[in-house]
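As structure tokens, the structure follows; a few thoughts come after it.
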Amino acid sequence: MQRAERKAQATAIGGLLFLIIVMTLVGFQLEFNQAQVEIGISDAERAEERIEISDVFFGQMKTYTNKTTFPPFSWKATVSDGGNPFTDGLKAKSTQGILTPIYNMNFTITATPWVFQRSLINATTGASGSVTTEGTDSLSGAPGIFSDFLNNPPPGQTSLAVMNWTVTFFVDLTQLGNTVSSATLSFGKKVVKYLNVVGPSEEKILFYLRKPSATSDTLLHKIRVTQEDANWVHTNLAIGANNFTQSGFYTLIIQSKAKLSRSSLSTPEFKVLFDDVGIKLVSTVYVADWQATFRIDEPTLIVKKFMTSSITRYNTSDVLQSIYIRDHIAGKWDFLDTSLVGTLPSTKTFKFDLAFGPQLQKYIGTGAQLQNITLRFYSIKSSPYKVFSDGIILKDFFVENRNSLVITLKNFGGKTVTIKSLWISDASKSKRFELNLLLKGGEEMVRVIDFRWSPGDHNFKIITTRGTAALFSSTA
Amino acid sequence: MVKMRKNSKAQQEAIGAMLLIVITVAAFAMVWNITQNWVSQQRQTSLLRLKERLVIENVLFEGSGASKKLAVFVLNTGEIGITIFRLIVNGSIQTQVTPTKLTLGPKVGGWINATFPWSGNVVYEITLETERGARVFTFAKS
């Protein structure tokens with residue numbers, strides 16, 4: 001019995017020791033397996049890397065930004081608490097959306113784009129319209145415009161003039177979130193001549209609106225005139241928001257109708273002045289609107305391309321943000337992008353390559369605007385919000401010497417990558433550059449490389465720290 | 001007399017038991033030693049070889065005539081240091097290589113040069129081997 005017990009004890013001890021050895025081996029196997037898993041993950045991450053050299057420019061680049069010593073040439077913001085939207089930490093409140101689509105409502109210097117037309121009955125001359133400095137006491141002061149019918153008809157007859165001032169303007173309802181809650185017609189008028197005018201019961205001044213694609217004009221307002229005005233009469237008139245249900249070109253017509261009778265004392269005349277003629281559309285949405293103009297230093301002849309980047313965010317979600325660039329030649333905004341932006345910073349980058357068409361010169365400007373590039377940020381939402389500008393940047397690319405090139409790298413995968421090195425090879429040499437650039441998923445980066453290039457074929461290669469490579473070829 | 005015989009038997013059994021334990025422990029010590037050596041060796045070779053990662057970034061064909069050479073730039077993309085000690089071109093181990101051993105820390109690259117009579121416009125298979133036995137290869141056109 002005792003022998004059997006000792007055998008059992010020895011077996012137990014032996015088994016325990018054997019178990020220790022087995023556990024050691026199993027532990028190592030687990031360690032090995034863990035290493036395999038880690039390597040597998042690392043290899044999978046490498047397989048997921050997606051990088052590219054998206055562009056190489058043989059020349060130089062200059063960066064203009066509100067965050068360095070190169071501020072925008074000028075800025076303009078229509079936001080309620082003002083401030084410089086291009087300084088760090090800007091926060092601007094939105095205002096209720098307002099659109100005043102009529103350009104030159106105060107007739108500054110000229111009447112353009114207003115046009116004068118007239119038709120006559122029993123008269124061949126005497127109706128005229130032009131810019132005048134006569135009405136100095138209007139809201140905006142002189143100049144304004146006038147419609148004048150100066151005519152003495154034959155005895156026993158009357159002469160009639162219908163004189164129209166028209167202006168065509170574009171209403172972009174997307175800037176109001178496609179909702180117009182109120183529309184107001186405002187104008188100032190002053191009848192300064194009223195001699196032998198027939199028919200005091202007739203309306204002599206009428207306002208019409210011609211809607212996009214409309215076959216007839218909508219009467220907005222009519223004024224019965226019986227005498228001269230001692231002072232300017234300024235009117236703000238609700239004209240119905242339902243007149244503006246679509247984007248497009250509208251025409252406002254100010255019609256002056258004058259019927260004159262024969263006079264032997266002095267020449268009959270009907271003359272009326274107008275100033276401060278505008279239409280104001282108010283939306284239920286809230287708007288923040290600002291512009292940045294960059295003045296590039298380089299002569300436009302050597303600028304080959306440019307790109308803009310902006311980083312914006314809001315204190316709330318889903319603000320509809322639109323970005324435009326100024327077409328200096330056509331005098332309008334060209335649409336670039338619309339997207340919903342929230343509290344996370346949103347970076348938008350746009351490239352303009354002049355190699356693909358001389359029409360892009362319109363963005364660089366002509367005449368007084370030469371070398372000016374203007375961006376506009378227009379945001380709308382149905383409730384008030386604050387907008388933050390974390391940076392607006394413009395880069396121009398120009399040819400000056402052969403000592404540098406600009407390379408654009410993009411990580412179009414989802415994971416962050418580190419670009420370890422860049423190789424540039426031409427027919428005679430091959431050079432390696434240590435970059436160590438961190439690119440987040442989807443991020444694009446532009447780098448200036450000091451490299452003496454010669455005309456001819458060049459090969460480019462980038463390598464990530466995980467070993468992924470991307471190739472690019474270009475001819476200087 | 002009977003009592004003395006009983007005591008002697010008990011002593012024998014006790015000694016036998018002690019011997020059995022000593023033999024078991026000794027056997028365990030031997031096996032344990034062998035096991036530990038094997039595990040340690042595997043850690044130094046297989047496990048570390050598994051963790052080695054390197055990439056040939058570029059291969060340059062330089063020189064002319066008798067001074068033709070290959071210049072290979074290799075990047076250690078792994079998390080542990082590596083030592084490259086062999087350059088193989090089209091299956092042939094190169095002997096005139098400098099440095100003869102290239103040690104690279106994690107995320108560090110370096111050059112290996114070899115005198116090699118390359119011909120123009122030919123694709124070569126370039127292989128590098130580490131001391132632990134990991135290999136990486138690429139094809140390069142001269």
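Going by the structure tokens order, chains are called A, B, ..., each with residues numbered from 1, while ligands are numbered from 1 in the order shown.
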Which chain B residues are at most 10 Å from chain A (counting only C-alpha atoms), as a PyMOL selection string?
chain B and resi 13-14+16-18+20-21+24-25+27-29+31-33+35-36+38-40+42-43+46-48+50-60+62+73+75-78+106-109
Can you pull out every residue from stretch 27-194 of chain A that DSSP, working from the backbone, puts in alpha helix (DSSP H), and format the result as an NGL selection string?
:A and (27-48)
How about saving the chosen residues, C-alpha atoms kept, as a PDB file, in the first residue's frame?
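Full text of part_20.pdb as output:
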```
ATOM      1  CA  GLY A  27       3.711  29.645 -24.476  1.00  0.00           C
ATOM      2  CA  PHE A  28       6.330  29.941 -27.155  1.00  0.00           C
ATOM      3  CA  GLN A  29       3.878  28.750 -29.769  1.00  0.00           C
ATOM      4  CA  LEU A  30       1.432  31.428 -28.639  1.00  0.00           C
ATOM      5  CA  GLU A  31       4.189  34.033 -28.813  1.00  0.00           C
ATOM      6  CA  PHE A  32       4.997  32.866 -32.324  1.00  0.00           C
ATOM      7  CA  ASN A  33       1.361  32.985 -33.318  1.00  0.00           C
ATOM      8  CA  GLN A  34       1.005  36.477 -31.850  1.00  0.00           C
ATOM      9  CA  ALA A  35       3.994  37.635 -33.891  1.00  0.00           C
ATOM     10  CA  GLN A  36       2.435  36.127 -37.002  1.00  0.00           C
ATOM     11  CA  VAL A  37      -0.818  37.951 -36.302  1.00  0.00           C
ATOM     12  CA  GLU A  38       1.005  41.255 -35.824  1.00  0.00           C
ATOM     13  CA  ILE A  39       2.961  40.793 -39.013  1.00  0.00           C
ATOM     14  CA  GLY A  40      -0.246  39.813 -40.771  1.00  0.00           C
ATOM     15  CA  ILE A  41      -1.876  43.034 -39.605  1.00  0.00           C
ATOM     16  CA  SER A  42       1.158  45.034 -40.706  1.00  0.00           C
ATOM     17  CA  ASP A  43       1.130  43.380 -44.127  1.00  0.00           C
ATOM     18  CA  ALA A  44      -2.616  43.944 -44.441  1.00  0.00           C
ATOM     19  CA  GLU A  45      -2.128  47.634 -43.624  1.00  0.00           C
ATOM     20  CA  ARG A  46       0.531  47.846 -46.282  1.00  0.00           C
ATOM     21  CA  ALA A  47      -1.792  46.154 -48.771  1.00  0.00           C
ATOM     22  CA  GLU A  48      -4.446  48.757 -47.965  1.00  0.00           C
TER      23      GLU A  48
END
```
Apply DSSP to the backbone of this structure and, from stretch 15-142 of chain B, keep only the residues in strand (DSSP E); write these as a PyMOL selection string.
chain B and resi 54-62+69-76+82-89+92-93+97-98+102-104+109-115+123-130+135-141
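Near stretch 393-404 of chain A, within a cut-off of 6 Å and counting only C-alpha atoms, sit the residues Gly59, Gln60, Met61, Lys62, Thr63, Tyr64, Thr65, Ile302, Val303, Lys304, Lys305, Phe306, Met307, Thr308, Ser309, Ile449, Asp450, Phe451, Arg452 and Trp453 of chain A, with same-chain residues fewer than 2 positions away left out.
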Could you save the residues just selected, with N, CA and C atoms, as an mmCIF file, in the first residue's frame?
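Final output, selection.cif:
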```
data_model
loop_
_atom_site.group_PDB
_atom_site.id
_atom_site.type_symbol
_atom_site.label_atom_id
_atom_site.label_comp_id
_atom_site.auth_asym_id
_atom_site.auth_seq_id
_atom_site.Cartn_x
_atom_site.Cartn_y
_atom_site.Cartn_z
ATOM 1 N N GLY A 59 8.856 73.826 -61.900
ATOM 2 C CA GLY A 59 8.907 75.263 -61.672
ATOM 3 C C GLY A 59 8.810 75.543 -60.191
ATOM 4 N N GLN A 60 8.264 76.710 -59.876
ATOM 5 C CA GLN A 60 8.193 77.130 -58.490
ATOM 6 C C GLN A 60 6.758 77.335 -58.054
ATOM 7 N N MET A 61 6.589 77.482 -56.771
ATOM 8 C CA MET A 61 5.258 77.701 -56.211
ATOM 9 C C MET A 61 5.360 78.753 -55.112
ATOM 10 N N LYS A 62 4.339 79.548 -55.006
ATOM 11 C CA LYS A 62 4.282 80.501 -53.892
ATOM 12 C C LYS A 62 2.932 80.342 -53.206
ATOM 13 N N THR A 63 2.958 80.397 -51.904
ATOM 14 C CA THR A 63 1.743 80.196 -51.117
ATOM 15 C C THR A 63 1.293 81.506 -50.486
ATOM 16 N N TYR A 64 0.031 81.796 -50.627
ATOM 17 C CA TYR A 64 -0.568 82.973 -50.003
ATOM 18 C C TYR A 64 -1.640 82.480 -49.042
ATOM 19 N N THR A 65 -1.561 82.900 -47.825
ATOM 20 C CA THR A 65 -2.539 82.420 -46.858
ATOM 21 C C THR A 65 -2.772 83.462 -45.790
ATOM 22 N N ILE A 302 3.764 84.113 -66.642
ATOM 23 C CA ILE A 302 4.542 82.948 -66.223
ATOM 24 C C ILE A 302 3.797 82.079 -65.224
ATOM 25 N N VAL A 303 2.603 82.516 -64.790
ATOM 26 C CA VAL A 303 1.788 81.655 -63.930
ATOM 27 C C VAL A 303 1.154 80.574 -64.798
ATOM 28 N N LYS A 304 1.386 79.351 -64.449
ATOM 29 C CA LYS A 304 0.888 78.240 -65.257
ATOM 30 C C LYS A 304 -0.331 77.570 -64.652
ATOM 31 N N LYS A 305 -0.459 77.654 -63.349
ATOM 32 C CA LYS A 305 -1.630 77.079 -62.699
ATOM 33 C C LYS A 305 -1.738 77.665 -61.302
ATOM 34 N N PHE A 306 -2.881 77.460 -60.703
ATOM 35 C CA PHE A 306 -3.007 77.827 -59.302
ATOM 36 C C PHE A 306 -4.023 76.919 -58.636
ATOM 37 N N MET A 307 -3.939 76.860 -57.346
ATOM 38 C CA MET A 307 -4.901 76.055 -56.601
ATOM 39 C C MET A 307 -5.270 76.774 -55.302
ATOM 40 N N THR A 308 -6.494 76.540 -54.874
ATOM 41 C CA THR A 308 -6.963 77.172 -53.642
ATOM 42 C C THR A 308 -7.410 76.090 -52.675
ATOM 43 N N SER A 309 -7.194 76.355 -51.405
ATOM 44 C CA SER A 309 -7.682 75.450 -50.357
ATOM 45 C C SER A 309 -8.314 76.290 -49.260
ATOM 46 N N ILE A 449 10.365 70.750 -54.171
ATOM 47 C CA ILE A 449 11.599 69.965 -54.064
ATOM 48 C C ILE A 449 12.715 70.731 -54.775
ATOM 49 N N ASP A 450 13.821 70.879 -54.088
ATOM 50 C CA ASP A 450 14.983 71.523 -54.709
ATOM 51 C C ASP A 450 15.683 70.501 -55.589
ATOM 52 N N PHE A 451 15.471 70.626 -56.869
ATOM 53 C CA PHE A 451 16.047 69.667 -57.806
ATOM 54 C C PHE A 451 16.352 70.403 -59.103
ATOM 55 N N ARG A 452 17.560 70.303 -59.531
ATOM 56 C CA ARG A 452 17.983 70.948 -60.776
ATOM 57 C C ARG A 452 17.509 70.081 -61.937
ATOM 58 N N TRP A 453 16.479 70.532 -62.641
ATOM 59 C CA TRP A 453 15.930 69.712 -63.711
ATOM 60 C C TRP A 453 16.329 70.243 -65.082
#
```
Between A:Ala127, A:Val387, A:Leu360, A:Val115, which one has atoms that come closest to A:Asn151, using only C-alpha atoms?
A:Ala127
